[in-house]
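Enquirer: Attaching a single structure in structure tokens format; questions to follow.
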Amino acid sequence: MPTRLNESMEWLEADGLGGFAMGTATGVRTRRYHSLLTTSLHPPTDRFAMVKGLDAWVETPDGTWAISSQRYADGRVAPDGVDRLVSFKTTPWPTWEYLLPNGLRVVHELLVKHGSPLVCLSWRLVGDTPHARLIVRPQLACAHMHALHHANPGFDFKVHVETPTCLWWRPYEGQPAVFAAATNGGYVQDPSWYRGLHYAEEAARGFDHTEDLGSPGVFRWELTEAEGVLLLSAGETPETSPRSTGSPLERLAAVREAELARRSAFPSRLHTAADKYIVRRGEGRTVIAGYPWFGDWGRDTFIALRGLCLATGRLDDARTILTRWAGTVSEGMIPNRFTDSGDTPEFNAVDASLWFVVAAGEYLDACDGWGARGRVDPHHALKDAISSIVEGYARGTRYAIRACADGLLAAGEPGVQLSWMDARVQGREVTPRTGKPVEVQALWVNALHYATKLDARWASVKSQAIESFRRRFWDAPNRRLFDVVDADHRAGSNDATLRPNQILAVGGLPIPLIEGDQARDVVECVERTLLTPYGLRTLAPGEGGYRPRYEGGPDQRDGAYHQGAVWPWLVGSFVEAWLRVHGKTPENAATARRRFLDPLLRHLDEGGIDGVSELFDADAPRLPRGCPFQAWSLAELLRIGAILDRIERAGTPADPLVKTGLVPARRR
């Protein structure tokens, strides 16, 4: 097996509804979230892991060999199929190739159908043999995604056979059923428990890490006759219904053809990856903050939308997402989590609403949507939301969020964490940043910029805020910006902790707050102390509380979350700031691409394949940590890539973004 394949390399197939299939390149599960079929009962929420995995063997006249592996709590890895794995790829979908001792090769593919809770599994033989039988045991949980399943007498192994090729199980009453359609073989009921499965990544993160899974029976196929096909779905789908026409093999062929056409329409690998985060919510769309454990969060959605939708020309999706969130404004605030029926809205973010204004403003810029007024205006909901947010913040709203006499925005009360640095340990805010945080002022000024397009009276507030910012935030002895002024709401008390938030005063937003030598000094300071190949540290080495590693149990990791850990999403703001102070020339754009983006592009093959991790360790070797598929990390690569491409190809007659494939030629 090539040494480059390892368990830290993870793959993801998403269904566009909030459900997904996810695992490792080796096939050995290391997380509770690794599964072949995780479905969303109320897209994109209420995710249940239906089928966690499988064991598979191939019987030939020369012997029987496994092509799967599980890790157990006693340290065993069994069976030994991982030893026969010779290649793995994710294009056009996850594909494994196994070499058997007799020279036969078995190719295994996994494909998730977009817009349906359906996973398609197939196995085909490469080579000649008079006989080869594939044996597969599915492993079921049918439990909530976050839970670990354990053997219990309530698990119903009963199989409901509809036709010779279609059957289903419902291990727990009231939960979804697993439907299966198989071809070129048969099914034999043979209930068994897989006990003591061990998930190494859960153990490393300080969580419970052993699980039991139920296997109702065994599928068998004669691979010398045809490709082995197993279609699995949460509930009945056209492909797994006994009423469907055509064999399961023919149904798989139709799914393959449709998915190849859909995926090939994306102009780049990043665009294809970005599509996984844009999912259905009701009749509209939303953004999943990251796989496998995040839902649709406000701050993450609006930061990510700029790259996932605006930089890629998906303006219809942007409008749908923003309009849905616009309807959640309350007292000038948008909740930091999209709420579902019965949930209590969480308005625990000062910046989420401001990021909404920025994303909505950039969308209106992109579609030239500022002109119309009134209820006939297709964008009236966005404009009303922008006005309500700015009015609410200026007047004052929850958690002491209010515009002060100096035009700057104050926020914060004991017991809440309002900025994006929002970790808590044992009920205590690690980085409370109460007062006037630097990036909140940058967002506030940019929100005022867009509000001015709707009401000219905000122009004077914007001017006052910029003047106050330049006067009050400049830390002259250190030639950088304070992280918070009027810290803890104490006038004149400034927090000079060296953090990356100041970069948003120079880059990452349409309107910079400082320019010239001060802007250059900030960029140089951030580059010298915080920049790493994968983004910006959240705290400079040498500062009190600096944590070089993001590891250990939940409390240890939360304590390091913003105390040094590197966040890739910040690289977009840094690159934009770097270009503003060094000049937006094609030469500088090429340099920025090589120095700041290429390491993250290489990371697409190192952790979550085709994804960018949530964060990295602050110090070498800077291992990827947190969520392996983070929306805003990938989105900022797309956004800044589009900016660099535009600079490099400035002056060409055609739209440079379309010409180079960074933006699809048609809107999706």
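Starting from 1 in every chain, residues are counted up; chains themselves are A, B, ... following the order of the structure tokens, and ligands are numbered from 1 as listed.
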Please identify all polymer residues within 10 Å of A:Trp370, counting only C-alpha atoms, omitting same-chain residues fewer than 6 positions from it, and present them as a PyMOL selection string.
Expert: chain A and resi 361+363-364+377+379-380+383+450+453-454
Enquirer: Where does stretch 89-128 of chain A meet stretch 11-23 of chain A within 8 Å, residue by residue, with the nearest atom pair and distance in Å to one decimal for each, counting only C-alpha atoms, listed by chain and rising number, as a tab-separated table?
Expert:
```
residue	atom	partner	partner_atom	distance
A:Thr90	CA	A:Trp11	CA	7.3
A:Trp93	CA	A:Glu13	CA	7.7
A:Pro94	CA	A:Trp11	CA	7.3
A:Leu111	CA	A:Glu13	CA	7.2
A:Val112	CA	A:Glu13	CA	5.9
A:Lys113	CA	A:Asp15	CA	6.0
A:His114	CA	A:Asp15	CA	4.5
A:Gly115	CA	A:Gly16	CA	5.2
A:Ser116	CA	A:Asp15	CA	6.0
A:Pro117	CA	A:Asp15	CA	6.4
A:Leu118	CA	A:Asp15	CA	7.8
A:Val119	CA	A:Ala21	CA	7.7
```
Enquirer: Keeping only C-alpha atoms, write the selected residues to a file as a PDB file, in the first residue's frame.
Expert:
```pdb
ATOM      1  CA  THR A  90     -11.907  10.780  -4.867  1.00  0.00           C
ATOM      2  CA  TRP A  93     -16.163   9.809  -6.363  1.00  0.00           C
ATOM      3  CA  PRO A  94     -14.383   7.703  -3.732  1.00  0.00           C
ATOM      4  CA  LEU A 111     -21.309   7.400  -4.798  1.00  0.00           C
ATOM      5  CA  VAL A 112     -23.878   9.601  -3.048  1.00  0.00           C
ATOM      6  CA  LYS A 113     -26.728  10.885  -5.184  1.00  0.00           C
ATOM      7  CA  HIS A 114     -27.260  14.637  -4.937  1.00  0.00           C
ATOM      8  CA  GLY A 115     -30.656  15.564  -3.529  1.00  0.00           C
ATOM      9  CA  SER A 116     -31.418  12.087  -2.190  1.00  0.00           C
ATOM     10  CA  PRO A 117     -30.478  10.061   0.931  1.00  0.00           C
ATOM     11  CA  LEU A 118     -28.993   7.362  -1.293  1.00  0.00           C
ATOM     12  CA  VAL A 119     -25.514   5.822  -1.317  1.00  0.00           C
TER      13      VAL A 119
END
```
Enquirer: Need to verify the contact set: A:Pro292, 12 Å, only C-alpha atoms, exclusion of same-chain residues closer than 4 positions in sequence. Can you return it as a VMD selection string?
Expert: chain A and resid 10 to 14 18 to 23 31 to 35 38 to 39 44 to 45 47 to 49 145 to 146 276 to 277 288 296 608 611 613 to 614 626 to 631
Enquirer: With C-alpha atoms retained, could you export that selection as a tab-separated table (two decimals), in the first residue's frame?
Expert:
```tsv
chain	number	residue	atom	x	y	z
A	10	GLU	CA	-10.68	11.60	5.05
A	11	TRP	CA	-13.19	11.71	2.22
A	12	LEU	CA	-16.68	13.23	2.10
A	13	GLU	CA	-19.71	12.67	-0.12
A	14	ALA	CA	-22.65	15.00	0.65
A	18	GLY	CA	-27.40	17.85	5.08
A	19	GLY	CA	-26.75	14.11	4.99
A	20	PHE	CA	-23.43	12.60	3.97
A	21	ALA	CA	-21.12	9.62	3.70
A	22	MET	CA	-17.67	10.00	5.20
A	23	GLY	CA	-14.65	7.86	6.02
A	31	ARG	CA	-14.54	8.88	14.11
A	32	ARG	CA	-18.06	8.24	15.35
A	33	TYR	CA	-19.14	10.33	12.37
A	34	HIS	CA	-17.63	8.03	9.76
A	35	SER	CA	-20.50	6.27	8.05
A	38	THR	CA	-25.96	9.56	7.45
A	39	THR	CA	-29.29	11.15	6.71
A	44	PRO	CA	-30.17	20.01	7.13
A	45	THR	CA	-30.70	19.02	10.80
A	47	ARG	CA	-28.83	13.74	11.30
A	48	PHE	CA	-28.94	10.02	11.94
A	49	ALA	CA	-26.15	7.57	11.13
A	145	MET	CA	-25.11	11.10	14.49
A	146	HIS	CA	-23.47	12.34	17.69
A	276	LYS	CA	-21.13	20.26	-0.76
A	277	TYR	CA	-21.71	23.09	1.71
A	288	ILE	CA	-23.43	23.98	6.30
A	296	ASP	CA	-25.91	26.19	9.50
A	608	GLY	CA	-10.03	16.14	4.50
A	611	GLY	CA	-11.54	20.18	1.90
A	613	SER	CA	-9.55	22.01	7.88
A	614	GLU	CA	-11.09	24.26	10.50
A	626	GLY	CA	-10.94	20.44	14.33
A	627	CYS	CA	-13.52	19.94	11.62
A	628	PRO	CA	-11.81	18.42	8.54
A	629	PHE	CA	-14.21	20.02	6.05
A	630	GLN	CA	-14.79	23.67	7.04
A	631	ALA	CA	-16.91	25.89	4.79
```
Enquirer: Would you tabulate, counting only C-alpha atoms, all residues of stretch 269-344 of chain A that have an atom at most 7 Å from an atom of stretch 632-649 of chain A, showing the closest pair of atoms and their distance in Å to one decimal, sorted by chain then ascending number, as a Markdown table?
Expert:
```
| residue | atom | partner | partner_atom | distance |
| --- | --- | --- | --- | --- |
| A:Asp300 | CA | A:Trp632 | CA | 6.4 |
| A:Ile303 | CA | A:Trp632 | CA | 6.2 |
| A:Ala304 | CA | A:Trp632 | CA | 4.3 |
| A:Arg306 | CA | A:Arg639 | CA | 6.7 |
| A:Gly307 | CA | A:Ala635 | CA | 4.2 |
| A:Leu308 | CA | A:Ala635 | CA | 5.2 |
| A:Ala311 | CA | A:Arg639 | CA | 5.3 |
```
Enquirer: Closest to A:Ile67 among A:Tyr98, A:Trp169, A:Phe219, A:Phe473, using only C-alpha atoms?
Expert: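 The closest residue to A:Ile67 is A:Tyr98.
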Enquirer: Would you compute the distance between atom CA of A:Tyr199 and atom CA of A:Met50? Give it in Å to one decimal.
Expert: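 Rounded to one decimal, the two atoms are 17.3 Å apart.
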Enquirer: From the DSSP assignment of the backbone, select every residue of stretch 86-200 of chain A that is strand (DSSP E), and format the answer as a VMD selection string.
Expert: chain A and resid 86 to 89 95 to 99 105 to 112 118 to 126 133 to 144 159 to 163 166 to 169 178 to 183 185 to 198
Enquirer: For the contact check between stretch 559-607 of chain A and stretch 409-424 of chain A, emit one row per residue of stretch 559-607 of chain A within 10 Å, containing the shortest atom pair and the distance in Å rounded to one decimal, counting only C-alpha atoms, chain then rising number order, as CSV.
Expert:
```
residue,atom,partner,partner_atom,distance
A:Gly559,CA,A:Ala423,CA,7.2
A:Ala560,CA,A:Ala423,CA,8.8
A:Tyr561,CA,A:Ala423,CA,6.7
A:His562,CA,A:Met421,CA,6.0
A:Gln563,CA,A:Met421,CA,9.2
```
Enquirer: Pick out the closest residue to A:Ala366 from this set: A:Ala78, A:Cys309, A:Leu408, A:Val430. Count only C-alpha atoms.
Expert: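 Nearest to A:Ala366: A:Cys309.
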Enquirer: Could you jot down the atom CA of A:Asp517 to atom CA of A:Tyr546 separation for me, Å, one decimal place?
Expert: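 Interatomic distance here is 28.6 Å.
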Enquirer: Out of stretch 128-265 of chain A, which residues get alpha helix (DSSP H) from DSSP, as a list in words?
Expert: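 Result set for stretch 128-265 of chain A (alpha helix (DSSP H)): Ala200, Glu201, Glu202, Ala203, Ala204, Pro248, Leu249, Glu250, Arg251, Leu252, Ala253, Ala254, Val255, Arg256, Glu257, Ala258, Glu259, Leu260, Ala261, Arg262, Arg263 and Ser264 of chain A.
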